[in-house]
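Participant: Below are the structure tokens for one structure; questions will follow.
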Amino acid sequence: MADNIEPQRLKAAREKTHAWKRWGPYLSERQWGTVREDYSDTGNAWDYFSHDQARSRAYRWGEDGLAGYSDEKQRLCFALALWNGVDPILKERCFGLTNSEANHGEDVKEYYFYLDSTPTHSYMKYLYKYPQAAFPYDDLVKTNRRRNRLELEYELLDTGVFEEDRYFDVFVEYAKESPEDTLFAIKVINRGPQPAALHVLPHLWFRNDWSSWIAEPAPKPTLRQIEGPAGTAVVAADHPVLGGYYFYCQGEVPVLFTENETNNARLFPDQPDTGPYVKDGINNYVVHNKTDAVNPERVGTKCAPHYQVEVPAGGSLTLKLRLSPVAPADLAGAYPAGDPFGEHFDEIFAVRLQEADLFYDNITPGKLDADNHRVIRQALAGMLWTKQYYYFDLDKWLEEHGANPLLARSSGIIRNIDWFHMVNDDIISMPDKWEYPWYAAWDLAFHTNALFMVDPDFAKEQLVLMLNEVYLHPNGQIPAYEWNFGDVNPPVHAWATWFLYQSDKELTGKPDWKFLKSSFQKLLLNFTWWVNRKDMTGRNVFQGGFLGLDNIGVFDRSSPLPTGGFLEQADGTAWMAFYSQMMLAMALELAEDDPEYEEMAIKFAQHFLWIAGAMDRIGVNKDEMWDEQDGFFYDVLRFPDGGATRLKVRSMVGLLPLCAVTVIPGEVLDRFPRFRERLAQFIQRHPELSANINPPDKRGVGGRYLLSVFNEKKLKRVLARLLDENEFLSDYGIRSLSQFHRDRPFVYSLGNTTFRVDYEPAESSTGMFGGNSNWRGPIWMPVNTLLVRALLTLFAYYGPDFKVECPTGSGRLMHLGEVAGEIVRRLSMIFLRDANGRRAVYGDTEKFQRDPHWQDLLLFYEYFHGDNGAGIGASHQTGWTGVIARLIQYFAATTSEQVLEDGGRAGIAYYEEDQSMEQAVQQQE
């Protein structure tokens, strides 16, 4: 039986004694169609570099592939490639539709699954489902292009290509014997009724950083076939920085070689010829039988062993490969019997899988059933698989466009001109490596919530990264995402920082002052940017703009309003109230070590009160955010002539003020009498600020103080809407738009133009923000997570005696801790099997519901149908949706008494290797 040594590997990686994280799943799944690869004058990245070009065109900034694996700088890359004998191209990368090709926006049209991964990637498992018939590329494009936004997406299963189970399950497993020695096992299973042939071509190649179009080209690396032991093909990989590695391929298999260079003859015939051996050489050799397309000298910068196999009906076979620093001459001293593929190979896989099992058993509450375990493990596997090396030097990229503002300014449409300071060169957690193969700041904050369960170091590193001087803008803005770094994401970074700090302190028993202090200083810059840039009138109400909620509003909030004037946003203002609270909590914590931070605590307490008071001004009602008649917060549209009107849309915009809540332990204030005194003086001088909010000086359960924009009366009114199944409460979580608007859409008329917001529980019917993302009714995991946190925090203040109906009108009373648990139960039912064995996430897709080879393969979608819980949007959005693992774990391991004891904090999320779950929970108690 293996020991649970994965935490020891994490420690070795942290202390830099062994580089267990140097190799991992760091390839993108789509590099084509990205801003980085766009050198057009129109800014149309999708069209400039298409999927059709990707097999023939060398990338400048990264690499992609199926089940991709590389070193931490993506110098040497490995990925799967397949050919079924009838496709027009090798299957080297996932296919999907661009925004102009699809009726609901860009979307991957493949079936692949992240089944397992440890945080050091000592063991990983991936599954790709490959049809035996010709892949229906044209059908997918043409049919989706014909459909309108009111019709469903046309998916790969809809084409019939998987009928009679005529497909291969291709499993790719990775196991590290040591930090530099990786074993690969590719298992092919024929699910069909007849024997079927398959070409398997595992690719190994170098990212091109040596060509003439690179500003500072590096020395060119080489791949060369060399002599090896009998029955094995060996490729020597030599890189000027990475050093030497050897790629061992089991069997007497031919290895094909070419160069990772653009095929100018195919794509750019007016450009200089790049030679006979180019990026698509292996494709052309295998698919088109062009024998001169690969190098007979068996040397190049891209290669692949060419396995041609026939798999019997229902049968399987396994191919073995190895990437090792051990040269053939040294095999005898490195492996038993000098065989890189002997019994020892299989033993390593067995041991690494046992270690992975132990690691996940240690972080998953034992009382959960197997299906809950499955959801947690696959969610976290997805989180770990979507780590990606991201390289983008904006200064260089803008200079190549002739658009660097320090040198010249292009007349074309060039993105991110104001971000010339940025140099990104790191492993980053991505939302989805096909749909969103670039980081998004507010997504990332939620990622760390789940990643902390398995790798606290990586989680903290990710938050620190966004505050690094080559990410954070000199003016203090946190970069949003690649399409527009200057867009505005909700400011959740401070919350994520505070959560990780608390969890880490509880785990280790000691505060990480360095992490908290450094982050606080950078967040202070960002907070100041918000105050200076997004409070147009200086009234402590914020405009924000896009704020990640896409099309939820009446207007495009990133663009000038058609009415003129500006929009005071309930969500933007609530985010800033929340931001103030988190900065206050951090300042009080830091003041324990450095009394100077007490001044900052006073500053942020006052900030919160200014903002909270502005959200519901005493004596003013008709044109402010709080609507007393409806008992809800709304955006306020202010006109150029000074008039104003509420935009009475019952949406997540009006629920987010609930999230602006925190508790301060009474004993903390007792340690800071100066803070207490000055806060009391401020409240006394400005009674109007606290008149309509919870009294900041009123003690609750455990002697705690509550900072909230809701007093008890307002809280009950909004909770009644939140928990009403005819409004926000779905069987699968909290909807982002109330069902109230199903029959009563919000309509705003301006001249001859009508703007409206309808309840749309699934895909969007509007093209606003691309059309593949919709907040007008579906369920989103990130905001549900924050609402659950808010309810736990409120429970820590009000205690078990404060109860509300849940659902509204049911007569069933619950305290707020139980309400939070009920929401998590509903969220988890998106993924768990119901009494009929069906998973809501897959809707009416019977293949996933009934087929034993599909029904336990989970996808963590971008968002979910507001009525039936089916997955919508990006299918591999295992970023913030992966937080479901954290929610399930927490509510299985934590009691109401513990919530009251720890003040509503999220609690511990990671366990030492020598602790059982029971021991860890006992330690918490």
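Following the order of the structure tokens, first chain is A, next is B, and so on, with residues numbered from 1 inside each chain and ligands from 1 in the order they appear.
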Could I get the residues of stretch 62-178 of chain A with an atom no further than 12 Å from an atom of stretch 33-37 of chain A, each paired with its nearest atom pair and that distance in Å to one decimal, using only C-alpha atoms, sorted by chain and residue number, as CSV?
Facilitator:
residue,atom,partner,partner_atom,distance
A:Gly62,CA,A:Arg36,CA,8.9
A:Glu63,CA,A:Glu37,CA,10.8
A:Asp64,CA,A:Thr34,CA,11.7
A:Phe95,CA,A:Gly33,CA,11.8
A:Gly96,CA,A:Gly33,CA,10.7
A:Leu97,CA,A:Gly33,CA,10.5
A:Thr98,CA,A:Gly33,CA,8.3
A:Asn99,CA,A:Gly33,CA,10.6
A:Glu106,CA,A:Gly33,CA,10.5
Participant: Quick one: residues within 7 Å of A:Ser56, only C-alpha atoms counted, chain neighbours fewer than 3 positions away excluded, as a ChimeraX atom specification?
Facilitator: /A:53,262-263,279-280
Participant: Those same residues, written as a PDB file, in the first residue's frame with N, CA and C atoms?
Facilitator:
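Now in result-v5.pdb:
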ATOM      1  N   GLN A  53      -5.838  27.018 -40.062  1.00  0.00           N
ATOM      2  CA  GLN A  53      -4.431  27.396 -40.208  1.00  0.00           C
ATOM      3  C   GLN A  53      -3.551  26.775 -39.133  1.00  0.00           C
ATOM      4  N   THR A 262       6.160  27.542 -39.905  1.00  0.00           N
ATOM      5  CA  THR A 262       4.965  27.807 -40.699  1.00  0.00           C
ATOM      6  C   THR A 262       5.135  27.299 -42.124  1.00  0.00           C
ATOM      7  N   ASN A 263       4.083  26.686 -42.650  1.00  0.00           N
ATOM      8  CA  ASN A 263       4.056  26.243 -44.042  1.00  0.00           C
ATOM      9  C   ASN A 263       3.644  27.429 -44.905  1.00  0.00           C
ATOM     10  N   LYS A 279       5.430  22.626 -40.155  1.00  0.00           N
ATOM     11  CA  LYS A 279       4.613  22.195 -39.022  1.00  0.00           C
ATOM     12  C   LYS A 279       3.619  21.101 -39.382  1.00  0.00           C
ATOM     13  N   ASP A 280       3.008  21.176 -40.543  1.00  0.00           N
ATOM     14  CA  ASP A 280       2.009  20.170 -40.931  1.00  0.00           C
ATOM     15  C   ASP A 280       2.612  18.997 -41.702  1.00  0.00           C
TER      16      ASP A 280
END
Participant: So which residues touch A:Glu101 within 12 Å, counting only C-alpha atoms, skipping near sequence neighbours fewer than 3 positions away, as a ChimeraX atom specification?
Facilitator: /A:46-47,50,96-98,104-108,137-149,153-154,770-772
Participant: Any idea what's packed within 12 Å of A:Thr537, counting only C-alpha atoms, ignoring anything in its chain fewer than 4 positions away? Could you give it as a PDB file with C-alpha atoms, in the first residue's frame?
Facilitator:
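Contents of part15.pdb, freshly written:
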ATOM      1  CA  VAL A 531     -12.396  55.363  -5.878  1.00  0.00           C
ATOM      2  CA  ASN A 532     -10.744  57.768  -8.310  1.00  0.00           C
ATOM      3  CA  ARG A 533     -12.020  56.257 -11.562  1.00  0.00           C
ATOM      4  CA  VAL A 541     -21.885  55.359  -5.549  1.00  0.00           C
ATOM      5  CA  PHE A 542     -20.040  53.539  -8.276  1.00  0.00           C
ATOM      6  CA  GLN A 543     -20.451  53.065 -11.993  1.00  0.00           C
ATOM      7  CA  GLY A 565     -25.719  60.511 -18.549  1.00  0.00           C
ATOM      8  CA  PHE A 566     -24.462  57.588 -16.507  1.00  0.00           C
ATOM      9  CA  LEU A 567     -25.529  54.572 -14.515  1.00  0.00           C
ATOM     10  CA  GLU A 568     -25.162  54.268 -10.753  1.00  0.00           C
ATOM     11  CA  ALA A 614     -25.043  56.198  -0.041  1.00  0.00           C
ATOM     12  CA  ARG A 638     -29.066  59.466 -14.224  1.00  0.00           C
ATOM     13  CA  GLY A 642     -30.006  65.863 -13.571  1.00  0.00           C
TER      14      GLY A 642
END
Participant: If you run DSSP on the backbone here, which positions in stretch 186-259 of chain A get strand (DSSP E)? Please write them as a VMD selection string.
Facilitator: chain A and resid 186 to 190 196 to 200 203 to 206 222 to 226 232 to 239 243 to 250 255 to 258
Participant: Generate a file of the selected residues that holds N, CA and C atoms, formatted as a compact mmCIF listing (two decimals), in the first residue's frame.
Facilitator:
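Result saved to part02.txt:
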# COMPACT_ATOMS: atom_id res chain seq x y z
N ILE A 186 -0.94 5.36 -23.00
CA ILE A 186 -2.08 5.70 -23.85
C ILE A 186 -2.88 4.43 -24.08
N LYS A 187 -4.07 4.39 -23.50
CA LYS A 187 -4.92 3.21 -23.61
C LYS A 187 -6.07 3.51 -24.56
N VAL A 188 -6.18 2.69 -25.60
CA VAL A 188 -7.22 2.86 -26.62
C VAL A 188 -8.24 1.74 -26.47
N ILE A 189 -9.50 2.12 -26.32
CA ILE A 189 -10.59 1.14 -26.21
C ILE A 189 -11.55 1.36 -27.37
N ASN A 190 -11.86 0.30 -28.08
CA ASN A 190 -12.83 0.35 -29.18
C ASN A 190 -14.21 0.04 -28.61
N ALA A 196 -11.59 -1.91 -35.49
CA ALA A 196 -11.38 -0.60 -36.11
C ALA A 196 -9.90 -0.24 -36.04
N ALA A 197 -9.44 0.38 -37.11
CA ALA A 197 -8.04 0.80 -37.19
C ALA A 197 -7.87 2.21 -36.68
N LEU A 198 -6.71 2.50 -36.12
CA LEU A 198 -6.41 3.82 -35.60
C LEU A 198 -4.92 4.09 -35.70
N HIS A 199 -4.59 5.31 -36.10
CA HIS A 199 -3.21 5.80 -36.06
C HIS A 199 -3.06 6.63 -34.78
N VAL A 200 -2.09 6.29 -33.99
CA VAL A 200 -1.80 7.03 -32.76
C VAL A 200 -0.42 7.65 -32.90
N HIS A 203 2.83 13.37 -30.08
CA HIS A 203 3.76 14.37 -30.60
C HIS A 203 4.67 14.91 -29.49
N LEU A 204 5.93 15.12 -29.86
CA LEU A 204 6.88 15.82 -29.01
C LEU A 204 7.49 16.93 -29.86
N TRP A 205 7.50 18.16 -29.34
CA TRP A 205 8.03 19.26 -30.14
C TRP A 205 8.50 20.41 -29.25
N PHE A 206 9.28 21.28 -29.85
CA PHE A 206 9.75 22.48 -29.18
C PHE A 206 8.91 23.68 -29.62
N THR A 222 17.06 20.79 -30.87
CA THR A 222 16.95 19.70 -31.84
C THR A 222 16.32 18.47 -31.21
N LEU A 223 15.59 17.75 -32.06
CA LEU A 223 15.11 16.41 -31.76
C LEU A 223 15.78 15.49 -32.78
N ARG A 224 16.38 14.40 -32.31
CA ARG A 224 17.10 13.50 -33.21
C ARG A 224 16.92 12.06 -32.73
N GLN A 225 16.61 11.18 -33.68
CA GLN A 225 16.50 9.77 -33.31
C GLN A 225 17.88 9.18 -33.11
N ILE A 226 18.03 8.42 -32.04
CA ILE A 226 19.31 7.79 -31.72
C ILE A 226 19.07 6.31 -31.44
N THR A 232 12.68 -0.62 -28.88
CA THR A 232 12.38 0.73 -28.41
C THR A 232 12.93 1.75 -29.39
N ALA A 233 12.11 2.75 -29.72
CA ALA A 233 12.59 3.89 -30.50
C ALA A 233 12.91 5.02 -29.53
N VAL A 234 14.03 5.73 -29.77
CA VAL A 234 14.48 6.75 -28.83
C VAL A 234 14.76 8.05 -29.59
N VAL A 235 14.26 9.14 -29.05
CA VAL A 235 14.53 10.47 -29.59
C VAL A 235 15.27 11.28 -28.52
N ALA A 236 16.41 11.83 -28.91
CA ALA A 236 17.15 12.72 -28.00
C ALA A 236 16.67 14.15 -28.23
N ALA A 237 16.25 14.81 -27.14
CA ALA A 237 15.79 16.20 -27.20
C ALA A 237 16.83 17.07 -26.51
N ASP A 238 17.39 17.99 -27.27
CA ASP A 238 18.46 18.84 -26.72
C ASP A 238 18.04 20.30 -26.82
N HIS A 239 17.95 20.97 -25.68
CA HIS A 239 17.53 22.36 -25.63
C HIS A 239 18.59 23.18 -24.91
N GLY A 243 18.09 21.68 -21.36
CA GLY A 243 19.03 20.58 -21.27
C GLY A 243 18.61 19.40 -22.12
N GLY A 244 19.10 18.20 -21.76
CA GLY A 244 18.85 17.02 -22.56
C GLY A 244 17.83 16.08 -21.94
N TYR A 245 16.92 15.59 -22.79
CA TYR A 245 15.93 14.58 -22.39
C TYR A 245 15.87 13.52 -23.47
N TYR A 246 15.31 12.36 -23.10
CA TYR A 246 15.20 11.25 -24.03
C TYR A 246 13.76 10.75 -24.02
N PHE A 247 13.23 10.65 -25.23
CA PHE A 247 11.84 10.24 -25.42
C PHE A 247 11.84 8.79 -25.87
N TYR A 248 11.44 7.90 -24.96
CA TYR A 248 11.43 6.48 -25.24
C TYR A 248 10.04 6.06 -25.70
N CYS A 249 9.99 5.34 -26.83
CA CYS A 249 8.73 4.88 -27.41
C CYS A 249 8.77 3.36 -27.50
N GLN A 250 7.86 2.70 -26.83
CA GLN A 250 7.86 1.25 -26.80
C GLN A 250 7.53 0.68 -28.17
N VAL A 255 9.53 6.74 -36.32
CA VAL A 255 9.35 8.07 -35.76
C VAL A 255 9.45 9.08 -36.90
N LEU A 256 8.47 9.94 -37.03
CA LEU A 256 8.40 10.93 -38.10
C LEU A 256 8.91 12.27 -37.57
N PHE A 257 9.69 12.97 -38.39
CA PHE A 257 10.30 14.23 -37.98
C PHE A 257 9.98 15.34 -38.96
N THR A 258 9.73 16.52 -38.42
CA THR A 258 9.59 17.72 -39.24
C THR A 258 10.02 18.91 -38.38
Participant: In terms of the shortest atom-to-atom distance over only C-alpha atoms, which of A:Thr662, A:Thr497, A:Gln74, A:Thr291 is closest to A:Gln581?
Facilitator: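 So, comparing all the options, the nearest one is A:Thr662.
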Participant: Of the candidates A:Met453, A:Ile417, A:Val170, A:Val161, which one gets nearest to A:Trp483 if we count only C-alpha atoms?
Facilitator: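 Closest candidate: A:Ile417.
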Participant: Find the residues near A:Val804: any atom within 12 Å, counting only C-alpha atoms, skip ones fewer than 5 places away on the same chain, and give them as a ChimeraX atom specification.
Facilitator: /A:712-713,715-724,791,795,798,809-820
Participant: Could you write out that same residue set with C-alpha atoms as a PDB file, in the first residue's frame?
Facilitator:
ATOM      1  CA  GLU A 712     -32.913  43.374   9.954  1.00  0.00           C
ATOM      2  CA  LYS A 713     -36.102  44.584   8.281  1.00  0.00           C
ATOM      3  CA  LEU A 715     -32.658  41.747   5.208  1.00  0.00           C
ATOM      4  CA  LYS A 716     -35.885  39.806   5.702  1.00  0.00           C
ATOM      5  CA  ARG A 717     -37.488  41.502   2.708  1.00  0.00           C
ATOM      6  CA  VAL A 718     -34.631  40.652   0.335  1.00  0.00           C
ATOM      7  CA  LEU A 719     -34.288  37.120   1.710  1.00  0.00           C
ATOM      8  CA  ALA A 720     -37.976  36.597   1.018  1.00  0.00           C
ATOM      9  CA  ARG A 721     -37.268  37.265  -2.665  1.00  0.00           C
ATOM     10  CA  LEU A 722     -34.003  35.315  -2.691  1.00  0.00           C
ATOM     11  CA  LEU A 723     -35.709  32.213  -1.305  1.00  0.00           C
ATOM     12  CA  ASP A 724     -38.889  32.472  -3.377  1.00  0.00           C
ATOM     13  CA  LEU A 791     -25.515  33.764   4.754  1.00  0.00           C
ATOM     14  CA  PHE A 795     -25.713  33.411  10.758  1.00  0.00           C
ATOM     15  CA  TYR A 798     -27.750  36.531  14.273  1.00  0.00           C
ATOM     16  CA  GLY A 809     -44.265  30.525   1.558  1.00  0.00           C
ATOM     17  CA  SER A 810     -43.498  26.931   2.524  1.00  0.00           C
ATOM     18  CA  GLY A 811     -43.963  27.443   6.255  1.00  0.00           C
ATOM     19  CA  ARG A 812     -40.598  25.735   6.746  1.00  0.00           C
ATOM     20  CA  LEU A 813     -38.379  27.867   8.981  1.00  0.00           C
ATOM     21  CA  MET A 814     -34.605  27.724   8.823  1.00  0.00           C
ATOM     22  CA  HIS A 815     -31.813  29.691  10.421  1.00  0.00           C
ATOM     23  CA  LEU A 816     -29.380  31.262   7.961  1.00  0.00           C
ATOM     24  CA  GLY A 817     -26.768  28.553   8.355  1.00  0.00           C
ATOM     25  CA  GLU A 818     -29.373  26.018   7.288  1.00  0.00           C
ATOM     26  CA  VAL A 819     -30.407  28.253   4.390  1.00  0.00           C
ATOM     27  CA  ALA A 820     -26.796  28.334   3.209  1.00  0.00           C
TER      28      ALA A 820
END
Participant: Of the candidates A:Arg678, A:Phe446, A:Ala45, A:His853, which one gets nearest to A:Asp169 if we count only C-alpha atoms?
Facilitator: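 For A:Asp169, the nearest of the candidates is A:His853.
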Participant: Looking only at the backbone, which of the residues in stretch 790-923 of chain A does DSSP tag as helix (DSSP H, G or I), as a PDB file with C-alpha atoms, in the first residue's frame?
Facilitator:
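Output (out-v4.pdb):
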ATOM      1  CA  ALA A 790     -22.867  35.993   3.192  1.00  0.00           C
ATOM      2  CA  LEU A 791     -25.515  33.764   4.754  1.00  0.00           C
ATOM      3  CA  LEU A 792     -22.910  32.027   6.909  1.00  0.00           C
ATOM      4  CA  THR A 793     -21.555  35.392   8.030  1.00  0.00           C
ATOM      5  CA  LEU A 794     -25.042  36.644   8.882  1.00  0.00           C
ATOM      6  CA  PHE A 795     -25.713  33.411  10.758  1.00  0.00           C
ATOM      7  CA  ALA A 796     -22.557  33.979  12.811  1.00  0.00           C
ATOM      8  CA  TYR A 797     -24.043  37.315  13.911  1.00  0.00           C
ATOM      9  CA  TYR A 798     -27.750  36.531  14.273  1.00  0.00           C
ATOM     10  CA  LEU A 816     -29.380  31.262   7.961  1.00  0.00           C
ATOM     11  CA  GLY A 817     -26.768  28.553   8.355  1.00  0.00           C
ATOM     12  CA  GLU A 818     -29.373  26.018   7.288  1.00  0.00           C
ATOM     13  CA  VAL A 819     -30.407  28.253   4.390  1.00  0.00           C
ATOM     14  CA  ALA A 820     -26.796  28.334   3.209  1.00  0.00           C
ATOM     15  CA  GLY A 821     -26.665  24.550   3.406  1.00  0.00           C
ATOM     16  CA  GLU A 822     -29.916  24.260   1.462  1.00  0.00           C
ATOM     17  CA  ILE A 823     -28.532  26.381  -1.365  1.00  0.00           C
ATOM     18  CA  VAL A 824     -25.389  24.245  -1.498  1.00  0.00           C
ATOM     19  CA  ARG A 825     -27.516  21.098  -1.546  1.00  0.00           C
ATOM     20  CA  ARG A 826     -29.378  22.446  -4.556  1.00  0.00           C
ATOM     21  CA  LEU A 827     -26.150  23.499  -6.291  1.00  0.00           C
ATOM     22  CA  SER A 828     -24.658  20.049  -5.759  1.00  0.00           C
ATOM     23  CA  ALA A 840     -29.194  17.611 -14.121  1.00  0.00           C
ATOM     24  CA  VAL A 841     -26.008  18.945 -15.726  1.00  0.00           C
ATOM     25  CA  TYR A 842     -26.655  16.804 -18.814  1.00  0.00           C
ATOM     26  CA  GLU A 846     -29.424  10.530 -23.066  1.00  0.00           C
ATOM     27  CA  LYS A 847     -25.914   9.375 -23.954  1.00  0.00           C
ATOM     28  CA  PHE A 848     -24.598  11.052 -20.838  1.00  0.00           C
ATOM     29  CA  GLN A 849     -27.571  10.006 -18.729  1.00  0.00           C
ATOM     30  CA  ARG A 850     -27.693   6.292 -19.525  1.00  0.00           C
ATOM     31  CA  TRP A 880     -15.078  29.063 -10.793  1.00  0.00           C
ATOM     32  CA  THR A 881     -17.544  26.209 -11.227  1.00  0.00           C
ATOM     33  CA  GLY A 882     -14.951  23.961  -9.581  1.00  0.00           C
ATOM     34  CA  VAL A 883     -15.741  25.813  -6.354  1.00  0.00           C
ATOM     35  CA  ILE A 884     -18.573  23.289  -5.963  1.00  0.00           C
ATOM     36  CA  ALA A 885     -15.914  20.949  -4.548  1.00  0.00           C
ATOM     37  CA  ARG A 886     -15.179  23.457  -1.796  1.00  0.00           C
ATOM     38  CA  LEU A 887     -18.847  23.958  -0.991  1.00  0.00           C
ATOM     39  CA  ILE A 888     -19.647  20.241  -0.788  1.00  0.00           C
ATOM     40  CA  GLN A 889     -16.586  19.570   1.353  1.00  0.00           C
ATOM     41  CA  TYR A 890     -17.282  22.406   3.754  1.00  0.00           C
ATOM     42  CA  PHE A 891     -20.895  21.563   4.461  1.00  0.00           C
ATOM     43  CA  ALA A 892     -20.050  17.887   4.918  1.00  0.00           C
ATOM     44  CA  ALA A 893     -17.304  18.614   7.451  1.00  0.00           C
ATOM     45  CA  SER A 896     -23.634  24.927  12.656  1.00  0.00           C
ATOM     46  CA  GLU A 897     -21.880  25.107  16.009  1.00  0.00           C
ATOM     47  CA  GLN A 898     -18.525  25.414  14.243  1.00  0.00           C
ATOM     48  CA  VAL A 899     -19.832  28.204  12.042  1.00  0.00           C
ATOM     49  CA  LEU A 900     -20.913  30.095  15.122  1.00  0.00           C
ATOM     50  CA  GLU A 901     -17.586  29.388  16.765  1.00  0.00           C
ATOM     51  CA  ASP A 902     -15.351  30.545  13.933  1.00  0.00           C
ATOM     52  CA  MET A 917     -10.680  13.684   8.175  1.00  0.00           C
ATOM     53  CA  GLU A 918     -12.050  12.927  11.630  1.00  0.00           C
ATOM     54  CA  GLN A 919      -8.839  14.102  13.277  1.00  0.00           C
ATOM     55  CA  ALA A 920      -8.856  17.274  11.235  1.00  0.00           C
ATOM     56  CA  VAL A 921     -12.431  18.060  12.175  1.00  0.00           C
ATOM     57  CA  GLN A 922     -11.673  17.324  15.824  1.00  0.00           C
ATOM     58  CA  GLN A 923      -8.743  19.716  15.633  1.00  0.00           C
TER      59      GLN A 923
END
Participant: If I take atom CA of A:Leu658 and atom CA of A:Gly700, how far is one from the other in Å, to one decimal?
Facilitator: 17.7 Å
Participant: Hey, which of A:Phe527, A:Phe49, A:Tyr69, A:Tyr863 ends up closest to A:Gly476? Count only C-alpha atoms.
Facilitator: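 Nearest to A:Gly476: A:Phe527.
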Participant: Contacts of A:Asn283 at 7 Å or less, counting only C-alpha atoms, minus same-chain residues fewer than 4 places along, as a list in words?
Facilitator: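 Near neighbours after the sequence-gap exclusion: Ile89, Leu90 and Val287 of chain A.
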Participant: Could you tell me which of A:Gly538, A:Gly767, A:Gly751, A:Gly869 comes closest to A:Asp731 if we count only C-alpha atoms?
Facilitator: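 Of A:Gly538, A:Gly767, A:Gly751, A:Gly869, the one nearest A:Asp731 is A:Gly869, counting only C-alpha atoms.
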